[in-house]
Amino acid sequence: MSRANAGTKGVPRADRELQIVRAACEVFGTIGFAKASVAGIAADAGISKPLVYQYFGSKEGLFSACLTYGAELLAGDMERVAADDSVGLERGLRTLDGIFRILEPQPWLWRLFFDRTAPETGDVAAVRAVYTDRITRLAMEGVGELMALVGDDDPLDVSAMTAVWMNVVDSLVTWWLDHPEVTPSEMTARCYRLIVALSGAEPPAQIVADPAAR
């Protein structure tokens with residue numbers, strides 16, 4: 001391997017960048033952008049501060065890379081669910097289950113997207129906008145399918161329900177993050193019970209009995 005394609009100590013640059021991003025995600029997601037320092041993140045990643053700047057250009061560039069990393073994981077899994085044969089409430093449950101399983105080993109990822117101390121302009125805002133749009137379109141597609149099942153194709157109803165659904169997802173995930181003793185499977189089952197209680201409809205229970213069967 002050529003030196004141009006390697007990081008420090010013979011580690012490939014792509015692997016080194018991923019190591020830095022994962023370390024940075026935990027720091028940013030735990031204490032927030034404003035309180036995080038590049039020096040501290042470099043220390044956690046076991047590399048030098050200048051190397052962080054060499055790879056990412058700035059603290060903002062590193063945060064943008066973290067947003068991209070987390071959003072790709074979540075949006076990618078949502079797209080996987082969208083491509084399977086589930087619709088309506090079952091699709092919603094499978095989406096939630098995927099989110100819980102991705103976040104279980106790295107819960108700080110979720111808080112990256114709601115960090116009020118992060119920059120609201122520049123590359124950070126641009127990355128946030130791209131993934132917000134991507135995830136919103138997936139949510140609107142799923143909600144549209146659900147509304148169609150009950151005979152409602154009013155676009156404003158779909159838009160309003162999408163806003164409700166996205167806030168519900170955030171509330172459920174935030175609650176779960178505050179209760180780390182609850183496993184993903186247990187949280188998916190709880191969501192199932194809540195949806196049944198609120199809607200009066202009972203989606204297929206397979207997702208609760210065997211969440212891995214997706």
# chains A, B, ... in the order shown; residues from 1 in each chain; ligands from 1
$ residues_around --residues "Arg101 in chain A" --least-positions-apart "4" --cutoff "9 Å" --atoms "only C-alpha atoms" --output "PDB file with all heavy atoms, in the first residue's frame"
ATOM      1  N   LEU A  96     -38.874   1.493  13.615  1.00  0.00           N
ATOM      2  CA  LEU A  96     -38.473   1.776  14.999  1.00  0.00           C
ATOM      3  C   LEU A  96     -37.506   0.714  15.514  1.00  0.00           C
ATOM      4  O   LEU A  96     -36.496   1.033  16.150  1.00  0.00           O
ATOM      5  CB  LEU A  96     -39.706   1.835  15.897  1.00  0.00           C
ATOM      6  CG  LEU A  96     -40.550   3.104  15.784  1.00  0.00           C
ATOM      7  CD1 LEU A  96     -41.908   2.910  16.455  1.00  0.00           C
ATOM      8  CD2 LEU A  96     -39.821   4.289  16.414  1.00  0.00           C
ATOM      9  N   ASP A  97     -37.803  -0.545  15.232  1.00  0.00           N
ATOM     10  CA  ASP A  97     -36.940  -1.634  15.693  1.00  0.00           C
ATOM     11  C   ASP A  97     -35.527  -1.480  15.127  1.00  0.00           C
ATOM     12  O   ASP A  97     -34.536  -1.673  15.841  1.00  0.00           O
ATOM     13  CB  ASP A  97     -37.538  -2.978  15.264  1.00  0.00           C
ATOM     14  CG  ASP A  97     -36.775  -4.159  15.829  1.00  0.00           C
ATOM     15  OD1 ASP A  97     -36.846  -4.377  17.050  1.00  0.00           O
ATOM     16  OD2 ASP A  97     -36.095  -4.856  15.046  1.00  0.00           O
ATOM     17  N   PRO A 105     -25.609   0.096  20.555  1.00  0.00           N
ATOM     18  CA  PRO A 105     -24.192   0.186  20.906  1.00  0.00           C
ATOM     19  C   PRO A 105     -23.619   1.594  20.797  1.00  0.00           C
ATOM     20  O   PRO A 105     -22.480   1.835  21.189  1.00  0.00           O
ATOM     21  CB  PRO A 105     -23.531  -0.749  19.893  1.00  0.00           C
ATOM     22  CG  PRO A 105     -24.405  -0.643  18.687  1.00  0.00           C
ATOM     23  CD  PRO A 105     -25.805  -0.474  19.202  1.00  0.00           C
ATOM     24  N   THR A 183     -34.132  -3.179  26.541  1.00  0.00           N
ATOM     25  CA  THR A 183     -33.480  -3.704  25.333  1.00  0.00           C
ATOM     26  C   THR A 183     -34.254  -3.257  24.085  1.00  0.00           C
ATOM     27  O   THR A 183     -35.436  -2.879  24.168  1.00  0.00           O
ATOM     28  CB  THR A 183     -33.434  -5.238  25.346  1.00  0.00           C
ATOM     29  OG1 THR A 183     -34.770  -5.745  25.224  1.00  0.00           O
ATOM     30  CG2 THR A 183     -32.797  -5.753  26.638  1.00  0.00           C
ATOM     31  N   PRO A 184     -33.606  -3.315  22.913  1.00  0.00           N
ATOM     32  CA  PRO A 184     -34.338  -2.998  21.678  1.00  0.00           C
ATOM     33  C   PRO A 184     -35.594  -3.837  21.497  1.00  0.00           C
ATOM     34  O   PRO A 184     -36.644  -3.321  21.092  1.00  0.00           O
ATOM     35  CB  PRO A 184     -33.297  -3.271  20.586  1.00  0.00           C
ATOM     36  CG  PRO A 184     -31.994  -2.971  21.235  1.00  0.00           C
ATOM     37  CD  PRO A 184     -32.163  -3.494  22.645  1.00  0.00           C
ATOM     38  N   SER A 185     -35.509  -5.134  21.760  1.00  0.00           N
ATOM     39  CA  SER A 185     -36.684  -6.003  21.607  1.00  0.00           C
ATOM     40  C   SER A 185     -37.806  -5.584  22.547  1.00  0.00           C
ATOM     41  O   SER A 185     -38.985  -5.551  22.158  1.00  0.00           O
ATOM     42  CB  SER A 185     -36.313  -7.462  21.881  1.00  0.00           C
ATOM     43  OG  SER A 185     -35.425  -7.951  20.901  1.00  0.00           O
TER      44      SER A 185
END
$ residues_around --residues "Ser159 in chain A" --least-positions-apart "5" --cutoff "10 Å" --atoms "only C-alpha atoms" --output "PyMOL selection string"
chain A and resi 136+139-140+143-144+154+164-165
$ closest_residue --among "A:Thr132, A:Gln106, A:Asn167, A:Thr117" --to "Cys25 in chain A" --atoms "only C-alpha atoms"
A:Gln106
$ select_by_dssp --residues "range 21-211 of chain A" --states "alpha helix (DSSP H)" --output "count of residues only"
143
$ closest_atom_pairs --of "range 120-192 of chain A" --to "range 60-80 of chain A" --cutoff "7 Å" --atoms "only C-alpha atoms" --output "Markdown table"
| residue | atom | partner | partner_atom | distance |
| --- | --- | --- | --- | --- |
| A:Asp123 | CA | A:Ser64 | CA | 6.5 |
| A:Val124 | CA | A:Ser64 | CA | 5.0 |
| A:Val127 | CA | A:Ser64 | CA | 6.4 |
| A:Tyr131 | CA | A:Ala71 | CA | 6.4 |
| A:Ile135 | CA | A:Ala75 | CA | 6.1 |
$ residues_around --residues "range 39-41 of chain A" --least-positions-apart "5" --cutoff "12 Å" --atoms "only C-alpha atoms" --output "PyMOL selection string"
chain A and resi 19-31+33+46-53+58-59+62-63
$ atom_distance --atom1 "CA of Gln54 in chain A" --atom2 "CA of Phe114 in chain A"
27.0 Å
$ closest_residue --among "A:Leu89, A:Met161, A:Asp152, A:Gly122" --to "Leu194 in chain A" --atoms "only C-alpha atoms"
A:Leu89
